[in-house]
$ cat data-v3.txt   # compact mmCIF, N, CA, C and O atoms
# COMPACT_ATOMS: atom_id res chain seq x y z
N ALA C 1 71.92 19.31 -2.21
CA ALA C 1 72.17 17.90 -2.46
C ALA C 1 72.87 17.28 -1.26
O ALA C 1 73.68 17.92 -0.59
N ASN C 2 72.55 16.04 -1.00
CA ASN C 2 73.15 15.32 0.12
C ASN C 2 74.60 14.98 -0.21
O ASN C 2 74.89 14.42 -1.25
N PRO C 3 75.53 15.30 0.70
CA PRO C 3 76.94 15.03 0.42
C PRO C 3 77.33 13.56 0.56
O PRO C 3 78.45 13.18 0.22
N VAL C 4 76.40 12.74 1.04
CA VAL C 4 76.68 11.32 1.27
C VAL C 4 75.48 10.50 0.80
O VAL C 4 74.34 10.84 1.09
N SER C 5 75.76 9.41 0.09
CA SER C 5 74.73 8.49 -0.34
C SER C 5 74.81 7.25 0.55
O SER C 5 75.88 6.68 0.72
N ILE C 6 73.66 6.84 1.10
CA ILE C 6 73.61 5.69 2.01
C ILE C 6 72.75 4.61 1.37
O ILE C 6 71.58 4.84 1.05
N THR C 7 73.34 3.43 1.19
CA THR C 7 72.59 2.29 0.64
C THR C 7 73.05 1.02 1.35
O THR C 7 73.94 1.06 2.20
N ALA C 8 72.45 -0.07 0.99
CA ALA C 8 72.87 -1.37 1.51
C ALA C 8 72.72 -2.40 0.40
O ALA C 8 71.83 -2.30 -0.45
N ASP C 9 73.61 -3.37 0.39
CA ASP C 9 73.57 -4.46 -0.58
C ASP C 9 73.80 -5.75 0.20
O ASP C 9 74.90 -5.99 0.69
N ARG C 10 72.75 -6.53 0.35
CA ARG C 10 72.78 -7.75 1.15
C ARG C 10 73.20 -7.42 2.57
O ARG C 10 72.51 -6.71 3.26
N HIS C 11 74.37 -7.88 3.01
CA HIS C 11 74.81 -7.67 4.39
C HIS C 11 75.84 -6.56 4.52
O HIS C 11 76.51 -6.45 5.54
N VAL C 12 75.97 -5.73 3.48
CA VAL C 12 76.98 -4.67 3.48
C VAL C 12 76.30 -3.31 3.41
O VAL C 12 75.54 -3.02 2.49
N GLY C 13 76.57 -2.48 4.41
CA GLY C 13 76.12 -1.10 4.37
C GLY C 13 77.12 -0.31 3.54
O GLY C 13 78.32 -0.54 3.61
N ILE C 14 76.61 0.63 2.73
CA ILE C 14 77.49 1.40 1.85
C ILE C 14 77.31 2.88 2.13
O ILE C 14 76.20 3.41 2.03
N ILE C 15 78.40 3.52 2.52
CA ILE C 15 78.44 4.97 2.72
C ILE C 15 79.31 5.53 1.60
O ILE C 15 80.50 5.26 1.53
N GLU C 16 78.69 6.29 0.70
CA GLU C 16 79.43 6.82 -0.45
C GLU C 16 79.46 8.34 -0.40
O GLU C 16 78.41 8.99 -0.38
N GLN C 17 80.66 8.89 -0.37
CA GLN C 17 80.80 10.34 -0.43
C GLN C 17 80.35 10.80 -1.81
O GLN C 17 80.74 10.21 -2.81
N ALA C 18 79.53 11.84 -1.87
CA ALA C 18 78.89 12.23 -3.12
C ALA C 18 79.14 13.70 -3.47
O ALA C 18 78.22 14.42 -3.84
N ARG C 19 80.38 14.13 -3.32
CA ARG C 19 80.72 15.51 -3.71
C ARG C 19 81.96 15.50 -4.61
O ARG C 19 82.97 16.13 -4.30
N PRO C 20 81.90 14.80 -5.75
CA PRO C 20 83.09 14.72 -6.60
C PRO C 20 83.54 16.08 -7.11
O PRO C 20 84.74 16.29 -7.33
N GLU C 21 82.60 17.01 -7.28
CA GLU C 21 82.97 18.35 -7.76
C GLU C 21 83.80 19.13 -6.73
O GLU C 21 84.51 20.06 -7.08
N LYS C 22 83.74 18.72 -5.46
CA LYS C 22 84.53 19.33 -4.38
C LYS C 22 85.59 18.35 -3.88
O LYS C 22 86.08 18.47 -2.77
N PHE C 23 85.93 17.36 -4.71
CA PHE C 23 86.94 16.36 -4.38
C PHE C 23 86.60 15.58 -3.11
O PHE C 23 87.46 15.09 -2.40
N ASN C 24 85.29 15.47 -2.83
CA ASN C 24 84.77 14.74 -1.67
C ASN C 24 85.35 15.23 -0.35
O ASN C 24 85.54 14.47 0.59
N CYS C 25 85.62 16.54 -0.28
CA CYS C 25 86.08 17.09 1.00
C CYS C 25 84.94 16.97 2.02
O CYS C 25 83.76 16.95 1.68
N LEU C 26 85.31 16.86 3.28
CA LEU C 26 84.33 16.59 4.34
C LEU C 26 83.82 17.87 4.97
O LEU C 26 84.55 18.59 5.66
N SER C 27 82.56 18.15 4.75
CA SER C 27 81.88 19.27 5.39
C SER C 27 81.27 18.78 6.70
O SER C 27 81.21 17.57 6.97
N SER C 28 80.80 19.71 7.50
CA SER C 28 80.14 19.31 8.75
C SER C 28 78.88 18.50 8.44
O SER C 28 78.55 17.56 9.16
N GLN C 29 78.19 18.83 7.36
CA GLN C 29 77.00 18.07 6.96
C GLN C 29 77.39 16.65 6.55
O GLN C 29 76.69 15.69 6.89
N ALA C 30 78.51 16.49 5.84
CA ALA C 30 78.97 15.15 5.45
C ALA C 30 79.34 14.33 6.68
O ALA C 30 78.98 13.15 6.77
N TRP C 31 80.09 14.94 7.62
CA TRP C 31 80.46 14.23 8.85
C TRP C 31 79.22 13.74 9.59
O TRP C 31 79.17 12.60 10.08
N ALA C 32 78.21 14.61 9.70
CA ALA C 32 76.98 14.24 10.42
C ALA C 32 76.27 13.09 9.71
O ALA C 32 75.79 12.15 10.36
N ALA C 33 76.20 13.12 8.38
CA ALA C 33 75.53 12.06 7.62
C ALA C 33 76.28 10.74 7.75
O ALA C 33 75.66 9.67 7.90
N ILE C 34 77.62 10.79 7.71
CA ILE C 34 78.42 9.57 7.86
C ILE C 34 78.23 8.98 9.25
O ILE C 34 78.05 7.77 9.41
N ASP C 35 78.25 9.82 10.27
CA ASP C 35 78.08 9.35 11.65
C ASP C 35 76.70 8.74 11.86
O ASP C 35 76.56 7.68 12.47
N GLU C 36 75.68 9.38 11.32
CA GLU C 36 74.32 8.85 11.45
C GLU C 36 74.20 7.50 10.74
O GLU C 36 73.63 6.55 11.28
N ALA C 37 74.74 7.41 9.53
CA ALA C 37 74.68 6.14 8.78
C ALA C 37 75.42 5.04 9.52
O ALA C 37 74.94 3.91 9.62
N ARG C 38 76.61 5.35 10.03
CA ARG C 38 77.40 4.36 10.78
C ARG C 38 76.59 3.84 11.97
O ARG C 38 76.51 2.63 12.20
N GLY C 39 75.97 4.74 12.70
CA GLY C 39 75.15 4.34 13.84
C GLY C 39 73.98 3.47 13.43
O GLY C 39 73.68 2.47 14.08
N ASN C 40 73.33 3.82 12.33
CA ASN C 40 72.20 3.02 11.85
C ASN C 40 72.64 1.64 11.40
O ASN C 40 71.95 0.65 11.65
N PHE C 41 73.78 1.55 10.74
CA PHE C 41 74.29 0.25 10.31
C PHE C 41 74.68 -0.62 11.50
O PHE C 41 74.54 -1.84 11.46
N GLU C 42 75.19 -0.02 12.56
CA GLU C 42 75.60 -0.79 13.75
C GLU C 42 74.43 -1.47 14.44
O GLU C 42 74.58 -2.56 14.97
N VAL C 43 73.28 -0.83 14.45
CA VAL C 43 72.13 -1.40 15.17
C VAL C 43 71.39 -2.47 14.37
O VAL C 43 70.60 -3.21 14.94
N LYS C 44 71.64 -2.55 13.08
CA LYS C 44 70.98 -3.57 12.25
C LYS C 44 71.81 -4.84 12.27
O LYS C 44 72.92 -4.87 11.76
N SER C 45 71.26 -5.89 12.83
CA SER C 45 72.02 -7.13 13.01
C SER C 45 72.35 -7.82 11.68
O SER C 45 73.26 -8.62 11.62
N GLU C 46 71.63 -7.49 10.61
CA GLU C 46 71.91 -8.15 9.33
C GLU C 46 73.16 -7.57 8.64
O GLU C 46 73.70 -8.19 7.73
N ASN C 47 73.63 -6.41 9.08
CA ASN C 47 74.84 -5.83 8.48
C ASN C 47 76.09 -6.51 9.03
O ASN C 47 76.28 -6.62 10.23
N ARG C 48 76.94 -6.97 8.13
CA ARG C 48 78.18 -7.64 8.51
C ARG C 48 79.39 -6.75 8.29
O ARG C 48 80.44 -6.96 8.88
N ALA C 49 79.26 -5.75 7.42
CA ALA C 49 80.38 -4.86 7.11
C ALA C 49 79.82 -3.54 6.61
O ALA C 49 78.67 -3.44 6.20
N VAL C 50 80.66 -2.51 6.65
CA VAL C 50 80.31 -1.21 6.09
C VAL C 50 81.44 -0.81 5.14
O VAL C 50 82.61 -0.82 5.51
N LEU C 51 81.07 -0.48 3.92
CA LEU C 51 82.01 -0.03 2.90
C LEU C 51 81.90 1.48 2.80
O LEU C 51 80.82 2.03 2.65
N VAL C 52 83.04 2.16 2.90
CA VAL C 52 83.08 3.61 2.70
C VAL C 52 83.81 3.86 1.39
O VAL C 52 84.96 3.41 1.21
N CYS C 53 83.14 4.54 0.46
CA CYS C 53 83.73 4.80 -0.85
C CYS C 53 83.34 6.21 -1.28
O CYS C 53 82.70 6.94 -0.53
N ALA C 54 83.73 6.58 -2.49
CA ALA C 54 83.45 7.93 -2.96
C ALA C 54 83.20 7.95 -4.46
O ALA C 54 83.73 7.13 -5.20
N GLN C 55 82.41 8.90 -4.89
CA GLN C 55 82.19 9.13 -6.31
C GLN C 55 83.36 9.93 -6.87
O GLN C 55 83.98 10.70 -6.16
N GLY C 56 83.67 9.75 -8.12
CA GLY C 56 84.72 10.54 -8.76
C GLY C 56 86.10 9.95 -8.53
O GLY C 56 86.26 8.84 -8.03
N ALA C 57 87.12 10.72 -8.88
CA ALA C 57 88.50 10.25 -8.84
C ALA C 57 89.16 10.35 -7.47
O ALA C 57 90.17 9.72 -7.22
N ASN C 58 88.59 11.15 -6.56
CA ASN C 58 89.21 11.37 -5.25
C ASN C 58 88.37 10.77 -4.13
O ASN C 58 87.18 11.01 -4.07
N PHE C 59 89.03 10.02 -3.25
CA PHE C 59 88.30 9.47 -2.11
C PHE C 59 87.92 10.59 -1.15
O PHE C 59 86.78 10.74 -0.77
N CYS C 60 88.89 11.40 -0.75
CA CYS C 60 88.64 12.53 0.14
C CYS C 60 89.90 13.38 0.19
O CYS C 60 91.00 12.87 0.35
N THR C 61 89.73 14.68 0.06
CA THR C 61 90.88 15.58 0.10
C THR C 61 91.00 16.31 1.42
O THR C 61 91.81 17.23 1.54
N GLY C 62 90.22 15.92 2.42
CA GLY C 62 90.32 16.54 3.75
C GLY C 62 89.09 17.36 4.07
O GLY C 62 88.01 17.14 3.54
N ALA C 63 89.29 18.33 4.96
CA ALA C 63 88.18 19.16 5.42
C ALA C 63 87.75 20.14 4.34
O ALA C 63 88.54 20.57 3.50
N ASP C 64 86.49 20.51 4.38
CA ASP C 64 85.95 21.51 3.47
C ASP C 64 86.43 22.88 3.92
O ASP C 64 86.00 23.40 4.95
N LEU C 65 87.34 23.48 3.19
CA LEU C 65 87.94 24.75 3.59
C LEU C 65 86.96 25.91 3.53
O LEU C 65 87.22 26.96 4.11
N ASP C 66 85.82 25.73 2.86
CA ASP C 66 84.78 26.76 2.86
C ASP C 66 84.19 26.94 4.26
O ASP C 66 83.57 27.96 4.55
N GLU C 67 84.36 25.94 5.13
CA GLU C 67 83.83 26.00 6.49
C GLU C 67 84.88 26.43 7.52
O GLU C 67 84.58 26.55 8.69
N VAL C 68 86.09 26.65 7.07
CA VAL C 68 87.19 27.01 7.98
C VAL C 68 87.33 28.54 8.02
O VAL C 68 87.38 29.18 6.97
N GLU C 69 87.39 29.07 9.21
CA GLU C 69 87.59 30.51 9.37
C GLU C 69 89.09 30.79 9.43
O GLU C 69 89.81 30.28 10.29
N ILE C 70 89.56 31.57 8.50
CA ILE C 70 90.98 31.92 8.46
C ILE C 70 91.18 33.26 9.13
O ILE C 70 90.52 34.25 8.79
N VAL C 71 92.08 33.29 10.09
CA VAL C 71 92.36 34.53 10.84
C VAL C 71 93.71 35.09 10.52
O VAL C 71 94.63 34.51 10.14
$ encode --input "data-v3.txt" --output "structure tokens"
Amino acid sequence: ANPVSITADRHVGIIEQARPEKFNCLSSQAWAAIDEARGNFEVKSENRAVLVCAQGANFCTGADLDEVEIV
């Protein structure tokens, strides 16, 4: 499943974190999707703003610790 949902409503681009079961922690895949969406919204002249939001009760709890190597 995609960790980020990308939509637009009129002149607003919407980047929604979509991992409520993981408290919307940021994985490398999520970072890449957010960066790609941000870049796409910047080049479209009809976009006036970008809203970043999240599904569930948590906006973001930080990095995805499943991707962190503990030594």
$ select_by_dssp --input "data-v3.txt" --residues "region 6-60 of chain C" --states "helix (DSSP H, G or I)" --output "PyMOL selection string"
chain C and resi 20-22+28-43
$ write_last_selection --input "data-v3.txt" --atoms "N, CA, C and O atoms" --output "PDB file, in the frame of the given file"
ATOM      1  N   PRO C  20      81.900  14.800  -5.750  1.00  0.00           N
ATOM      2  CA  PRO C  20      83.090  14.720  -6.600  1.00  0.00           C
ATOM      3  C   PRO C  20      83.540  16.080  -7.110  1.00  0.00           C
ATOM      4  O   PRO C  20      84.740  16.290  -7.330  1.00  0.00           O
ATOM      5  N   GLU C  21      82.600  17.010  -7.280  1.00  0.00           N
ATOM      6  CA  GLU C  21      82.970  18.350  -7.760  1.00  0.00           C
ATOM      7  C   GLU C  21      83.800  19.130  -6.730  1.00  0.00           C
ATOM      8  O   GLU C  21      84.510  20.060  -7.080  1.00  0.00           O
ATOM      9  N   LYS C  22      83.740  18.720  -5.460  1.00  0.00           N
ATOM     10  CA  LYS C  22      84.530  19.330  -4.380  1.00  0.00           C
ATOM     11  C   LYS C  22      85.590  18.350  -3.880  1.00  0.00           C
ATOM     12  O   LYS C  22      86.080  18.470  -2.770  1.00  0.00           O
ATOM     13  N   SER C  28      80.800  19.710   7.500  1.00  0.00           N
ATOM     14  CA  SER C  28      80.140  19.310   8.750  1.00  0.00           C
ATOM     15  C   SER C  28      78.880  18.500   8.440  1.00  0.00           C
ATOM     16  O   SER C  28      78.550  17.560   9.160  1.00  0.00           O
ATOM     17  N   GLN C  29      78.190  18.830   7.360  1.00  0.00           N
ATOM     18  CA  GLN C  29      77.000  18.070   6.960  1.00  0.00           C
ATOM     19  C   GLN C  29      77.390  16.650   6.550  1.00  0.00           C
ATOM     20  O   GLN C  29      76.690  15.690   6.890  1.00  0.00           O
ATOM     21  N   ALA C  30      78.510  16.490   5.840  1.00  0.00           N
ATOM     22  CA  ALA C  30      78.970  15.150   5.450  1.00  0.00           C
ATOM     23  C   ALA C  30      79.340  14.330   6.680  1.00  0.00           C
ATOM     24  O   ALA C  30      78.980  13.150   6.770  1.00  0.00           O
ATOM     25  N   TRP C  31      80.090  14.940   7.620  1.00  0.00           N
ATOM     26  CA  TRP C  31      80.460  14.230   8.850  1.00  0.00           C
ATOM     27  C   TRP C  31      79.220  13.740   9.590  1.00  0.00           C
ATOM     28  O   TRP C  31      79.170  12.600  10.080  1.00  0.00           O
ATOM     29  N   ALA C  32      78.210  14.610   9.700  1.00  0.00           N
ATOM     30  CA  ALA C  32      76.980  14.240  10.420  1.00  0.00           C
ATOM     31  C   ALA C  32      76.270  13.090   9.710  1.00  0.00           C
ATOM     32  O   ALA C  32      75.790  12.150  10.360  1.00  0.00           O
ATOM     33  N   ALA C  33      76.200  13.120   8.380  1.00  0.00           N
ATOM     34  CA  ALA C  33      75.530  12.060   7.620  1.00  0.00           C
ATOM     35  C   ALA C  33      76.280  10.740   7.750  1.00  0.00           C
ATOM     36  O   ALA C  33      75.660   9.670   7.900  1.00  0.00           O
ATOM     37  N   ILE C  34      77.620  10.790   7.710  1.00  0.00           N
ATOM     38  CA  ILE C  34      78.420   9.570   7.860  1.00  0.00           C
ATOM     39  C   ILE C  34      78.230   8.980   9.250  1.00  0.00           C
ATOM     40  O   ILE C  34      78.050   7.770   9.410  1.00  0.00           O
ATOM     41  N   ASP C  35      78.250   9.820  10.270  1.00  0.00           N
ATOM     42  CA  ASP C  35      78.080   9.350  11.650  1.00  0.00           C
ATOM     43  C   ASP C  35      76.700   8.740  11.860  1.00  0.00           C
ATOM     44  O   ASP C  35      76.560   7.680  12.470  1.00  0.00           O
ATOM     45  N   GLU C  36      75.680   9.380  11.320  1.00  0.00           N
ATOM     46  CA  GLU C  36      74.320   8.850  11.450  1.00  0.00           C
ATOM     47  C   GLU C  36      74.200   7.500  10.740  1.00  0.00           C
ATOM     48  O   GLU C  36      73.630   6.550  11.280  1.00  0.00           O
ATOM     49  N   ALA C  37      74.740   7.410   9.530  1.00  0.00           N
ATOM     50  CA  ALA C  37      74.680   6.140   8.780  1.00  0.00           C
ATOM     51  C   ALA C  37      75.420   5.040   9.520  1.00  0.00           C
ATOM     52  O   ALA C  37      74.940   3.910   9.620  1.00  0.00           O
ATOM     53  N   ARG C  38      76.610   5.350  10.030  1.00  0.00           N
ATOM     54  CA  ARG C  38      77.400   4.360  10.780  1.00  0.00           C
ATOM     55  C   ARG C  38      76.590   3.840  11.970  1.00  0.00           C
ATOM     56  O   ARG C  38      76.510   2.630  12.200  1.00  0.00           O
ATOM     57  N   GLY C  39      75.970   4.740  12.700  1.00  0.00           N
ATOM     58  CA  GLY C  39      75.150   4.340  13.840  1.00  0.00           C
ATOM     59  C   GLY C  39      73.980   3.470  13.430  1.00  0.00           C
ATOM     60  O   GLY C  39      73.680   2.470  14.080  1.00  0.00           O
ATOM     61  N   ASN C  40      73.330   3.820  12.330  1.00  0.00           N
ATOM     62  CA  ASN C  40      72.200   3.020  11.850  1.00  0.00           C
ATOM     63  C   ASN C  40      72.640   1.640  11.400  1.00  0.00           C
ATOM     64  O   ASN C  40      71.950   0.650  11.650  1.00  0.00           O
ATOM     65  N   PHE C  41      73.780   1.550  10.740  1.00  0.00           N
ATOM     66  CA  PHE C  41      74.290   0.250  10.310  1.00  0.00           C
ATOM     67  C   PHE C  41      74.680  -0.620  11.500  1.00  0.00           C
ATOM     68  O   PHE C  41      74.540  -1.840  11.460  1.00  0.00           O
ATOM     69  N   GLU C  42      75.190  -0.020  12.560  1.00  0.00           N
ATOM     70  CA  GLU C  42      75.600  -0.790  13.750  1.00  0.00           C
ATOM     71  C   GLU C  42      74.430  -1.470  14.440  1.00  0.00           C
ATOM     72  O   GLU C  42      74.580  -2.560  14.970  1.00  0.00           O
ATOM     73  N   VAL C  43      73.280  -0.830  14.450  1.00  0.00           N
ATOM     74  CA  VAL C  43      72.130  -1.400  15.170  1.00  0.00           C
ATOM     75  C   VAL C  43      71.390  -2.470  14.370  1.00  0.00           C
ATOM     76  O   VAL C  43      70.600  -3.210  14.940  1.00  0.00           O
TER      77      VAL C  43
END
$ atom_distance --input "data-v3.txt" --atom1 "CA of Leu51 (chain C)" --atom2 "CA of Ile34 (chain C)"
11.4 Å
$ residues_around --input "data-v3.txt" --residues "Arg38 (chain C)" --least-positions-apart "3" --cutoff "12 Å" --atoms "only C-alpha atoms" --output "MDAnalysis selection string"
chainID C and resid 4 6:8 12:16 31:35 41:44 47 49:52
$ write_last_selection --input "data-v3.txt" --atoms "N, CA, C and O atoms" --output "PDB file, keeping the file's coordinate frame"
ATOM      1  N   VAL C   4      76.400  12.740   1.040  1.00  0.00           N
ATOM      2  CA  VAL C   4      76.680  11.320   1.270  1.00  0.00           C
ATOM      3  C   VAL C   4      75.480  10.500   0.800  1.00  0.00           C
ATOM      4  O   VAL C   4      74.340  10.840   1.090  1.00  0.00           O
ATOM      5  N   ILE C   6      73.660   6.840   1.100  1.00  0.00           N
ATOM      6  CA  ILE C   6      73.610   5.690   2.010  1.00  0.00           C
ATOM      7  C   ILE C   6      72.750   4.610   1.370  1.00  0.00           C
ATOM      8  O   ILE C   6      71.580   4.840   1.050  1.00  0.00           O
ATOM      9  N   THR C   7      73.340   3.430   1.190  1.00  0.00           N
ATOM     10  CA  THR C   7      72.590   2.290   0.640  1.00  0.00           C
ATOM     11  C   THR C   7      73.050   1.020   1.350  1.00  0.00           C
ATOM     12  O   THR C   7      73.940   1.060   2.200  1.00  0.00           O
ATOM     13  N   ALA C   8      72.450  -0.070   0.990  1.00  0.00           N
ATOM     14  CA  ALA C   8      72.870  -1.370   1.510  1.00  0.00           C
ATOM     15  C   ALA C   8      72.720  -2.400   0.400  1.00  0.00           C
ATOM     16  O   ALA C   8      71.830  -2.300  -0.450  1.00  0.00           O
ATOM     17  N   VAL C  12      75.970  -5.730   3.480  1.00  0.00           N
ATOM     18  CA  VAL C  12      76.980  -4.670   3.480  1.00  0.00           C
ATOM     19  C   VAL C  12      76.300  -3.310   3.410  1.00  0.00           C
ATOM     20  O   VAL C  12      75.540  -3.020   2.490  1.00  0.00           O
ATOM     21  N   GLY C  13      76.570  -2.480   4.410  1.00  0.00           N
ATOM     22  CA  GLY C  13      76.120  -1.100   4.370  1.00  0.00           C
ATOM     23  C   GLY C  13      77.120  -0.310   3.540  1.00  0.00           C
ATOM     24  O   GLY C  13      78.320  -0.540   3.610  1.00  0.00           O
ATOM     25  N   ILE C  14      76.610   0.630   2.730  1.00  0.00           N
ATOM     26  CA  ILE C  14      77.490   1.400   1.850  1.00  0.00           C
ATOM     27  C   ILE C  14      77.310   2.880   2.130  1.00  0.00           C
ATOM     28  O   ILE C  14      76.200   3.410   2.030  1.00  0.00           O
ATOM     29  N   ILE C  15      78.400   3.520   2.520  1.00  0.00           N
ATOM     30  CA  ILE C  15      78.440   4.970   2.720  1.00  0.00           C
ATOM     31  C   ILE C  15      79.310   5.530   1.600  1.00  0.00           C
ATOM     32  O   ILE C  15      80.500   5.260   1.530  1.00  0.00           O
ATOM     33  N   GLU C  16      78.690   6.290   0.700  1.00  0.00           N
ATOM     34  CA  GLU C  16      79.430   6.820  -0.450  1.00  0.00           C
ATOM     35  C   GLU C  16      79.460   8.340  -0.400  1.00  0.00           C
ATOM     36  O   GLU C  16      78.410   8.990  -0.380  1.00  0.00           O
ATOM     37  N   TRP C  31      80.090  14.940   7.620  1.00  0.00           N
ATOM     38  CA  TRP C  31      80.460  14.230   8.850  1.00  0.00           C
ATOM     39  C   TRP C  31      79.220  13.740   9.590  1.00  0.00           C
ATOM     40  O   TRP C  31      79.170  12.600  10.080  1.00  0.00           O
ATOM     41  N   ALA C  32      78.210  14.610   9.700  1.00  0.00           N
ATOM     42  CA  ALA C  32      76.980  14.240  10.420  1.00  0.00           C
ATOM     43  C   ALA C  32      76.270  13.090   9.710  1.00  0.00           C
ATOM     44  O   ALA C  32      75.790  12.150  10.360  1.00  0.00           O
ATOM     45  N   ALA C  33      76.200  13.120   8.380  1.00  0.00           N
ATOM     46  CA  ALA C  33      75.530  12.060   7.620  1.00  0.00           C
ATOM     47  C   ALA C  33      76.280  10.740   7.750  1.00  0.00           C
ATOM     48  O   ALA C  33      75.660   9.670   7.900  1.00  0.00           O
ATOM     49  N   ILE C  34      77.620  10.790   7.710  1.00  0.00           N
ATOM     50  CA  ILE C  34      78.420   9.570   7.860  1.00  0.00           C
ATOM     51  C   ILE C  34      78.230   8.980   9.250  1.00  0.00           C
ATOM     52  O   ILE C  34      78.050   7.770   9.410  1.00  0.00           O
ATOM     53  N   ASP C  35      78.250   9.820  10.270  1.00  0.00           N
ATOM     54  CA  ASP C  35      78.080   9.350  11.650  1.00  0.00           C
ATOM     55  C   ASP C  35      76.700   8.740  11.860  1.00  0.00           C
ATOM     56  O   ASP C  35      76.560   7.680  12.470  1.00  0.00           O
ATOM     57  N   PHE C  41      73.780   1.550  10.740  1.00  0.00           N
ATOM     58  CA  PHE C  41      74.290   0.250  10.310  1.00  0.00           C
ATOM     59  C   PHE C  41      74.680  -0.620  11.500  1.00  0.00           C
ATOM     60  O   PHE C  41      74.540  -1.840  11.460  1.00  0.00           O
ATOM     61  N   GLU C  42      75.190  -0.020  12.560  1.00  0.00           N
ATOM     62  CA  GLU C  42      75.600  -0.790  13.750  1.00  0.00           C
ATOM     63  C   GLU C  42      74.430  -1.470  14.440  1.00  0.00           C
ATOM     64  O   GLU C  42      74.580  -2.560  14.970  1.00  0.00           O
ATOM     65  N   VAL C  43      73.280  -0.830  14.450  1.00  0.00           N
ATOM     66  CA  VAL C  43      72.130  -1.400  15.170  1.00  0.00           C
ATOM     67  C   VAL C  43      71.390  -2.470  14.370  1.00  0.00           C
ATOM     68  O   VAL C  43      70.600  -3.210  14.940  1.00  0.00           O
ATOM     69  N   LYS C  44      71.640  -2.550  13.080  1.00  0.00           N
ATOM     70  CA  LYS C  44      70.980  -3.570  12.250  1.00  0.00           C
ATOM     71  C   LYS C  44      71.810  -4.840  12.270  1.00  0.00           C
ATOM     72  O   LYS C  44      72.920  -4.870  11.760  1.00  0.00           O
ATOM     73  N   ASN C  47      73.630  -6.410   9.080  1.00  0.00           N
ATOM     74  CA  ASN C  47      74.840  -5.830   8.480  1.00  0.00           C
ATOM     75  C   ASN C  47      76.090  -6.510   9.030  1.00  0.00           C
ATOM     76  O   ASN C  47      76.280  -6.620  10.230  1.00  0.00           O
ATOM     77  N   ALA C  49      79.260  -5.750   7.420  1.00  0.00           N
ATOM     78  CA  ALA C  49      80.380  -4.860   7.110  1.00  0.00           C
ATOM     79  C   ALA C  49      79.820  -3.540   6.610  1.00  0.00           C
ATOM     80  O   ALA C  49      78.670  -3.440   6.200  1.00  0.00           O
ATOM     81  N   VAL C  50      80.660  -2.510   6.650  1.00  0.00           N
ATOM     82  CA  VAL C  50      80.310  -1.210   6.090  1.00  0.00           C
ATOM     83  C   VAL C  50      81.440  -0.810   5.140  1.00  0.00           C
ATOM     84  O   VAL C  50      82.610  -0.820   5.510  1.00  0.00           O
ATOM     85  N   LEU C  51      81.070  -0.480   3.920  1.00  0.00           N
ATOM     86  CA  LEU C  51      82.010  -0.030   2.900  1.00  0.00           C
ATOM     87  C   LEU C  51      81.900   1.480   2.800  1.00  0.00           C
ATOM     88  O   LEU C  51      80.820   2.030   2.650  1.00  0.00           O
ATOM     89  N   VAL C  52      83.040   2.160   2.900  1.00  0.00           N
ATOM     90  CA  VAL C  52      83.080   3.610   2.700  1.00  0.00           C
ATOM     91  C   VAL C  52      83.810   3.860   1.390  1.00  0.00           C
ATOM     92  O   VAL C  52      84.960   3.410   1.210  1.00  0.00           O
TER      93      VAL C  52
END
$ closest_residue --input "data-v3.txt" --among "C:Glu36, C:Leu26, C:Gln55, C:Pro20" --to "Glu67 (chain C)" --atoms "only N, CA, C and O atoms"
C:Leu26
$ closest_residue --input "data-v3.txt" --among "C:Asn40, C:Ile70, C:Arg48, C:Pro3" --to "Asn24 (chain C)" --atoms "only C-alpha atoms"
C:Pro3
$ axis_aligned_box --input "data-v3.txt" --around "region 64-68 of chain C" --padding-each-side "3 Å" --output "lines of an AutoDock Vina configuration file"
center_x = 85.8
center_y = 24.8
center_z = 5.8
size_x = 10.4
size_y = 14.7
size_z = 11.8
$ atom_distance --input "data-v3.txt" --atom1 "atom N of Cys25 (chain C)" --atom2 "atom O of Asp64 (chain C)"
8.6 Å
$ select_by_dssp --input "data-v3.txt" --residues "chain C" --states "strand (DSSP E or B)" --output "list of chain:residue names"
C:Val4, C:Ser5, C:Ile6, C:Thr7, C:Ala8, C:Asp9, C:Val12, C:Gly13, C:Ile14, C:Ile15, C:Glu16, C:Gln17, C:Leu26, C:Ala49, C:Val50, C:Leu51, C:Val52, C:Cys53, C:Ala54, C:Ala63
$ atom_distance --input "data-v3.txt" --atom1 "CA of Gly39 (chain C)" --atom2 "CA of Ala54 (chain C)"
19.1 Å
$ decode --input "data-v3.txt" --residues "region 3-27 of chain C" --atoms "C-alpha atoms" --output "short mmCIF file (atom, residue, chain, number, x, y, z; two decimals), in the first residue's frame"
data_model
loop_
_atom_site.label_atom_id
_atom_site.label_comp_id
_atom_site.auth_asym_id
_atom_site.auth_seq_id
_atom_site.Cartn_x
_atom_site.Cartn_y
_atom_site.Cartn_z
CA PRO C 3 2.19 5.35 2.43
CA VAL C 4 1.03 8.68 1.01
CA SER C 5 -2.17 9.72 -0.76
CA ILE C 6 -1.83 12.52 -3.33
CA THR C 7 -4.89 14.48 -4.48
CA ALA C 8 -5.87 18.00 -5.43
CA ASP C 9 -8.95 20.09 -4.71
CA ARG C 10 -9.29 23.20 -6.85
CA HIS C 11 -6.04 25.13 -6.31
CA VAL C 12 -4.82 23.10 -3.32
CA GLY C 13 -2.54 20.10 -3.60
CA ILE C 14 -3.10 17.58 -0.81
CA ILE C 15 -0.40 15.27 0.52
CA GLU C 16 -1.93 12.90 3.08
CA GLN C 17 0.14 10.47 5.11
CA ALA C 18 -1.67 7.13 4.91
CA ARG C 19 -0.11 4.85 7.53
CA PRO C 20 -2.34 5.35 10.59
CA GLU C 21 -1.58 1.81 11.79
CA LYS C 22 2.11 2.86 12.07
CA PHE C 23 1.26 6.29 13.52
CA ASN C 24 2.21 7.83 10.15
CA CYS C 25 5.92 7.36 10.81
CA LEU C 26 8.05 8.36 7.82
CA SER C 27 9.63 5.55 5.85
#
